[in-house]
Amino acid sequence: MEKKDIQNLGDIKLLVDEFYGKVRKDDVIGVVFERHIQDRWPEHLEKMYAFWQTLLLEEKTYNGKPFPPHALLPISEVHFNRWLDLFQETTEKLFKGEKADEAVWRARKMAALFQHKLEYIRNNPDKPLLM
């Protein structure tokens, strides 16, 4: 069966559900997610559907700031690399096309930005964190 591109909310939900299914089982990042999210997975998934729907489909359903929840987590480059590997693997397994490529590109940009911000916060502990 030929893969199609990401086209609608159903595709976003498939991508997010498959991806976080892998994340939850992963030896490197699964424990970080489970400790932080605990029993709030339905809410987290709904937020992720809206986030990716806003980014990829230009349907303004996400209203929030994606960085602050990550600011104080015990995460490093190793975690971001694993997150990116799983995201790219899941996206490429399910989809092919311009939006799928954009999803991976945006994930890479987001991971780089988050890592940069975390490094700044950790190197400047006396500066207040604005949420």
# chains A, B, ... in the order shown; residues from 1 in each chain; ligands from 1
$ residues_around --residues "range 6-16 of chain A" --least-positions-apart "2" --cutoff "10 Å" --atoms "only C-alpha atoms" --output "PDB file with C-alpha atoms, in the first residue's frame"
ATOM      1  CA  LYS A   3       1.771   5.907   1.845  1.00  0.00           C
ATOM      2  CA  LYS A   4      -0.072   9.193   1.666  1.00  0.00           C
ATOM      3  CA  GLU A  18       1.634   5.801  17.242  1.00  0.00           C
ATOM      4  CA  PHE A  19       4.491   8.063  18.301  1.00  0.00           C
ATOM      5  CA  TYR A  20       3.503   8.299  21.959  1.00  0.00           C
ATOM      6  CA  GLY A  21       2.800   4.564  22.034  1.00  0.00           C
ATOM      7  CA  LYS A  22       6.492   4.107  21.169  1.00  0.00           C
ATOM      8  CA  LEU A  45      -2.596  13.523  23.621  1.00  0.00           C
ATOM      9  CA  GLU A  46      -5.420  16.018  23.022  1.00  0.00           C
ATOM     10  CA  MET A  48      -0.525  17.187  21.002  1.00  0.00           C
ATOM     11  CA  TYR A  49      -3.301  16.695  18.424  1.00  0.00           C
ATOM     12  CA  ALA A  50      -4.066  20.417  18.627  1.00  0.00           C
ATOM     13  CA  PHE A  51      -0.375  21.376  18.533  1.00  0.00           C
ATOM     14  CA  TRP A  52       0.408  19.402  15.374  1.00  0.00           C
ATOM     15  CA  GLN A  53      -2.922  20.297  13.773  1.00  0.00           C
ATOM     16  CA  THR A  54      -2.050  23.977  14.217  1.00  0.00           C
ATOM     17  CA  LEU A  56       0.827  21.241   9.930  1.00  0.00           C
ATOM     18  CA  LEU A  57      -2.751  21.928   8.873  1.00  0.00           C
ATOM     19  CA  GLU A  59      -6.028  25.052  11.755  1.00  0.00           C
ATOM     20  CA  PHE A  87       9.282  10.836  15.773  1.00  0.00           C
ATOM     21  CA  THR A  90       6.983   6.943  13.160  1.00  0.00           C
ATOM     22  CA  THR A  91       6.342   9.683  10.612  1.00  0.00           C
ATOM     23  CA  GLU A  92       8.234   7.886   7.850  1.00  0.00           C
ATOM     24  CA  LYS A  93       6.524   4.580   8.652  1.00  0.00           C
ATOM     25  CA  LEU A  94       3.062   6.109   8.298  1.00  0.00           C
ATOM     26  CA  PHE A  95       3.340   8.946   5.778  1.00  0.00           C
ATOM     27  CA  LYS A  96       5.180  10.281   2.766  1.00  0.00           C
ATOM     28  CA  GLY A  97       4.969  13.776   1.354  1.00  0.00           C
ATOM     29  CA  GLU A  98       5.419  17.471   1.947  1.00  0.00           C
ATOM     30  CA  LYS A  99       3.539  17.651   5.274  1.00  0.00           C
ATOM     31  CA  ALA A 100       5.309  14.562   6.600  1.00  0.00           C
ATOM     32  CA  ASP A 101       8.650  16.135   5.719  1.00  0.00           C
ATOM     33  CA  GLU A 102       7.531  19.373   7.371  1.00  0.00           C
ATOM     34  CA  ALA A 103       6.575  17.504  10.545  1.00  0.00           C
TER      35      ALA A 103
END
$ residues_around --residues "Ile75 in chain A" --least-positions-apart "3" --cutoff "9 Å" --atoms "only C-alpha atoms" --output "tab-separated table (two decimals) with all heavy atoms, in the first residue's frame"
chain	number	residue	atom	x	y	z
A	29	ILE	N	13.41	7.49	27.03
A	29	ILE	CA	12.55	8.63	27.35
A	29	ILE	C	11.21	8.26	27.98
A	29	ILE	O	10.53	9.12	28.53
A	29	ILE	CB	12.31	9.53	26.12
A	29	ILE	CG1	11.62	8.79	25.00
A	29	ILE	CG2	13.61	10.16	25.66
A	29	ILE	CD1	11.25	9.66	23.80
A	32	VAL	N	10.74	9.35	31.67
A	32	VAL	CA	10.59	10.79	31.87
A	32	VAL	C	9.15	11.20	31.61
A	32	VAL	O	8.54	11.94	32.39
A	32	VAL	CB	11.56	11.58	30.95
A	32	VAL	CG1	11.33	13.08	31.08
A	32	VAL	CG2	13.00	11.23	31.25
A	70	HIS	N	8.65	21.80	29.68
A	70	HIS	CA	9.91	21.07	29.55
A	70	HIS	C	11.05	21.71	30.33
A	70	HIS	O	12.10	21.11	30.50
A	70	HIS	CB	10.32	20.98	28.07
A	70	HIS	CG	9.29	20.32	27.22
A	70	HIS	ND1	8.21	21.00	26.70
A	70	HIS	CD2	9.17	19.05	26.82
A	70	HIS	CE1	7.47	20.16	26.01
A	70	HIS	NE2	8.02	18.97	26.06
A	72	LEU	N	11.94	22.44	33.36
A	72	LEU	CA	12.55	21.90	34.57
A	72	LEU	C	12.69	20.38	34.56
A	72	LEU	O	13.02	19.78	35.59
A	72	LEU	CB	11.74	22.36	35.80
A	72	LEU	CG	11.63	23.88	35.95
A	72	LEU	CD1	10.73	24.25	37.11
A	72	LEU	CD2	13.00	24.53	36.09
A	78	VAL	N	20.64	13.54	24.82
A	78	VAL	CA	20.32	12.11	24.62
A	78	VAL	C	18.81	11.92	24.50
A	78	VAL	O	18.34	11.19	23.62
A	78	VAL	CB	20.88	11.26	25.78
A	78	VAL	CG1	20.36	9.84	25.74
A	78	VAL	CG2	22.40	11.30	25.78
A	79	HIS	N	18.07	12.58	25.35
A	79	HIS	CA	16.61	12.46	25.34
A	79	HIS	C	16.02	13.08	24.06
A	79	HIS	O	15.12	12.49	23.45
A	79	HIS	CB	16.01	13.12	26.58
A	79	HIS	CG	16.46	12.51	27.85
A	79	HIS	ND1	17.53	13.00	28.56
A	79	HIS	CD2	16.03	11.41	28.51
A	79	HIS	CE1	17.71	12.25	29.63
A	79	HIS	NE2	16.83	11.27	29.62
A	80	PHE	N	16.52	14.25	23.70
A	80	PHE	CA	16.02	14.90	22.49
A	80	PHE	C	16.34	14.06	21.25
A	80	PHE	O	15.50	13.93	20.36
A	80	PHE	CB	16.60	16.31	22.34
A	80	PHE	CG	15.94	17.31	23.22
A	80	PHE	CD1	16.55	17.71	24.40
A	80	PHE	CD2	14.70	17.84	22.89
A	80	PHE	CE1	15.94	18.64	25.22
A	80	PHE	CE2	14.08	18.77	23.71
A	80	PHE	CZ	14.70	19.16	24.88
A	115	GLN	N	16.62	22.64	23.36
A	115	GLN	CA	17.94	22.35	23.93
A	115	GLN	C	18.70	23.64	24.20
A	115	GLN	O	19.35	23.79	25.24
A	115	GLN	CB	18.75	21.44	23.00
A	115	GLN	CG	18.26	20.01	23.01
A	115	GLN	CD	19.06	19.15	22.07
A	115	GLN	OE1	20.16	18.75	22.41
A	115	GLN	NE2	18.53	18.89	20.89
A	118	LEU	N	17.13	25.29	27.27
A	118	LEU	CA	17.48	24.57	28.48
A	118	LEU	C	18.92	24.85	28.90
A	118	LEU	O	19.21	25.02	30.09
A	118	LEU	CB	17.27	23.07	28.30
A	118	LEU	CG	15.82	22.60	28.28
A	118	LEU	CD1	15.74	21.14	27.89
A	118	LEU	CD2	15.17	22.83	29.64
$ select_by_dssp --residues "range 21-55 of chain A" --states "helix (DSSP H, G or I)" --output "ChimeraX atom specification"
/A:21-25,30-37,41-55
$ write_last_selection --atoms "N, CA, C and O atoms" --output "compact mmCIF listing (two decimals), in the first residue's frame"
# COMPACT_ATOMS: atom_id res chain seq x y z
N GLY A 21 2.79 5.98 21.67
CA GLY A 21 2.80 4.56 22.03
C GLY A 21 4.23 4.05 22.11
O GLY A 21 4.59 3.30 23.02
N LYS A 22 5.06 4.48 21.16
CA LYS A 22 6.49 4.11 21.17
C LYS A 22 7.23 4.79 22.31
O LYS A 22 8.07 4.18 22.98
N VAL A 23 6.93 6.07 22.51
CA VAL A 23 7.58 6.84 23.58
C VAL A 23 7.36 6.16 24.93
O VAL A 23 8.30 5.99 25.72
N ARG A 24 6.14 5.77 25.21
CA ARG A 24 5.81 5.20 26.52
C ARG A 24 6.55 3.91 26.79
O ARG A 24 6.80 3.58 27.95
N LYS A 25 6.92 3.18 25.76
CA LYS A 25 7.63 1.91 25.92
C LYS A 25 9.14 2.06 25.85
O LYS A 25 9.87 1.11 26.08
N GLY A 30 10.85 7.01 27.93
CA GLY A 30 9.56 6.60 28.46
C GLY A 30 9.36 6.97 29.92
O GLY A 30 8.32 7.47 30.32
N VAL A 31 10.38 6.73 30.73
CA VAL A 31 10.27 6.99 32.16
C VAL A 31 10.09 8.48 32.45
O VAL A 31 9.36 8.86 33.36
N VAL A 32 10.74 9.35 31.67
CA VAL A 32 10.59 10.79 31.87
C VAL A 32 9.15 11.20 31.61
O VAL A 32 8.54 11.94 32.39
N PHE A 33 8.59 10.70 30.52
CA PHE A 33 7.20 11.02 30.20
C PHE A 33 6.24 10.47 31.26
O PHE A 33 5.33 11.16 31.69
N GLU A 34 6.45 9.24 31.65
CA GLU A 34 5.54 8.62 32.63
C GLU A 34 5.58 9.36 33.97
O GLU A 34 4.54 9.56 34.59
N ARG A 35 6.77 9.75 34.42
CA ARG A 35 6.89 10.49 35.68
C ARG A 35 6.19 11.84 35.60
O ARG A 35 5.57 12.28 36.57
N HIS A 36 6.31 12.49 34.47
CA HIS A 36 5.75 13.84 34.36
C HIS A 36 4.25 13.82 34.03
O HIS A 36 3.48 14.57 34.62
N ILE A 37 3.85 12.98 33.13
CA ILE A 37 2.45 12.97 32.68
C ILE A 37 1.56 12.14 33.60
O ILE A 37 0.40 12.48 33.81
N TRP A 41 -2.49 11.14 30.41
CA TRP A 41 -2.21 10.89 28.99
C TRP A 41 -3.32 11.36 28.06
O TRP A 41 -3.02 11.94 27.01
N PRO A 42 -4.59 11.15 28.39
CA PRO A 42 -5.63 11.65 27.46
C PRO A 42 -5.53 13.16 27.22
O PRO A 42 -5.63 13.61 26.08
N GLU A 43 -5.28 13.92 28.28
CA GLU A 43 -5.14 15.37 28.13
C GLU A 43 -3.89 15.72 27.31
O GLU A 43 -3.93 16.62 26.47
N HIS A 44 -2.81 15.00 27.57
CA HIS A 44 -1.56 15.26 26.84
C HIS A 44 -1.75 14.98 25.34
O HIS A 44 -1.34 15.78 24.50
N LEU A 45 -2.38 13.87 25.03
CA LEU A 45 -2.60 13.52 23.62
C LEU A 45 -3.49 14.55 22.93
O LEU A 45 -3.22 14.95 21.80
N GLU A 46 -4.54 14.99 23.61
CA GLU A 46 -5.42 16.02 23.02
C GLU A 46 -4.63 17.29 22.73
O GLU A 46 -4.80 17.92 21.68
N LYS A 47 -3.74 17.67 23.65
CA LYS A 47 -2.92 18.85 23.46
C LYS A 47 -1.98 18.67 22.26
O LYS A 47 -1.78 19.59 21.47
N MET A 48 -1.44 17.46 22.11
CA MET A 48 -0.52 17.19 21.00
C MET A 48 -1.27 17.15 19.66
O MET A 48 -0.74 17.59 18.65
N TYR A 49 -2.50 16.64 19.66
CA TYR A 49 -3.30 16.69 18.42
C TYR A 49 -3.46 18.15 17.99
O TYR A 49 -3.24 18.48 16.82
N ALA A 50 -3.84 19.00 18.94
CA ALA A 50 -4.07 20.42 18.63
C ALA A 50 -2.76 21.10 18.19
O ALA A 50 -2.77 21.90 17.25
N PHE A 51 -1.67 20.77 18.87
CA PHE A 51 -0.38 21.38 18.53
C PHE A 51 0.00 21.07 17.09
O PHE A 51 0.30 21.97 16.30
N TRP A 52 0.00 19.79 16.73
CA TRP A 52 0.41 19.40 15.37
C TRP A 52 -0.62 19.80 14.32
O TRP A 52 -0.27 20.13 13.19
N GLN A 53 -1.89 19.83 14.69
CA GLN A 53 -2.92 20.30 13.77
C GLN A 53 -2.69 21.77 13.43
O GLN A 53 -2.81 22.17 12.27
N THR A 54 -2.33 22.56 14.44
CA THR A 54 -2.05 23.98 14.22
C THR A 54 -0.82 24.16 13.33
O THR A 54 -0.84 24.95 12.39
N LEU A 55 0.25 23.41 13.62
CA LEU A 55 1.48 23.55 12.85
C LEU A 55 1.36 23.06 11.41
O LEU A 55 1.82 23.72 10.49
$ atom_distance --atom1 "CA of Pro68 in chain A" --atom2 "CA of Met110 in chain A"
12.9 Å
$ atom_distance --atom1 "CA of Leu84 in chain A" --atom2 "CA of Met1 in chain A"
25.5 Å
$ residues_around --residues "Arg122 in chain A" --least-positions-apart "4" --cutoff "12 Å" --atoms "only C-alpha atoms" --output "JSON, numbers by chain"
{"A": [71, 72, 73, 74, 75, 76, 115, 116, 117, 118, 126, 127, 128, 129]}
$ atom_distance --atom1 "CA of Leu113 in chain A" --atom2 "CA of Arg40 in chain A"
25.4 Å
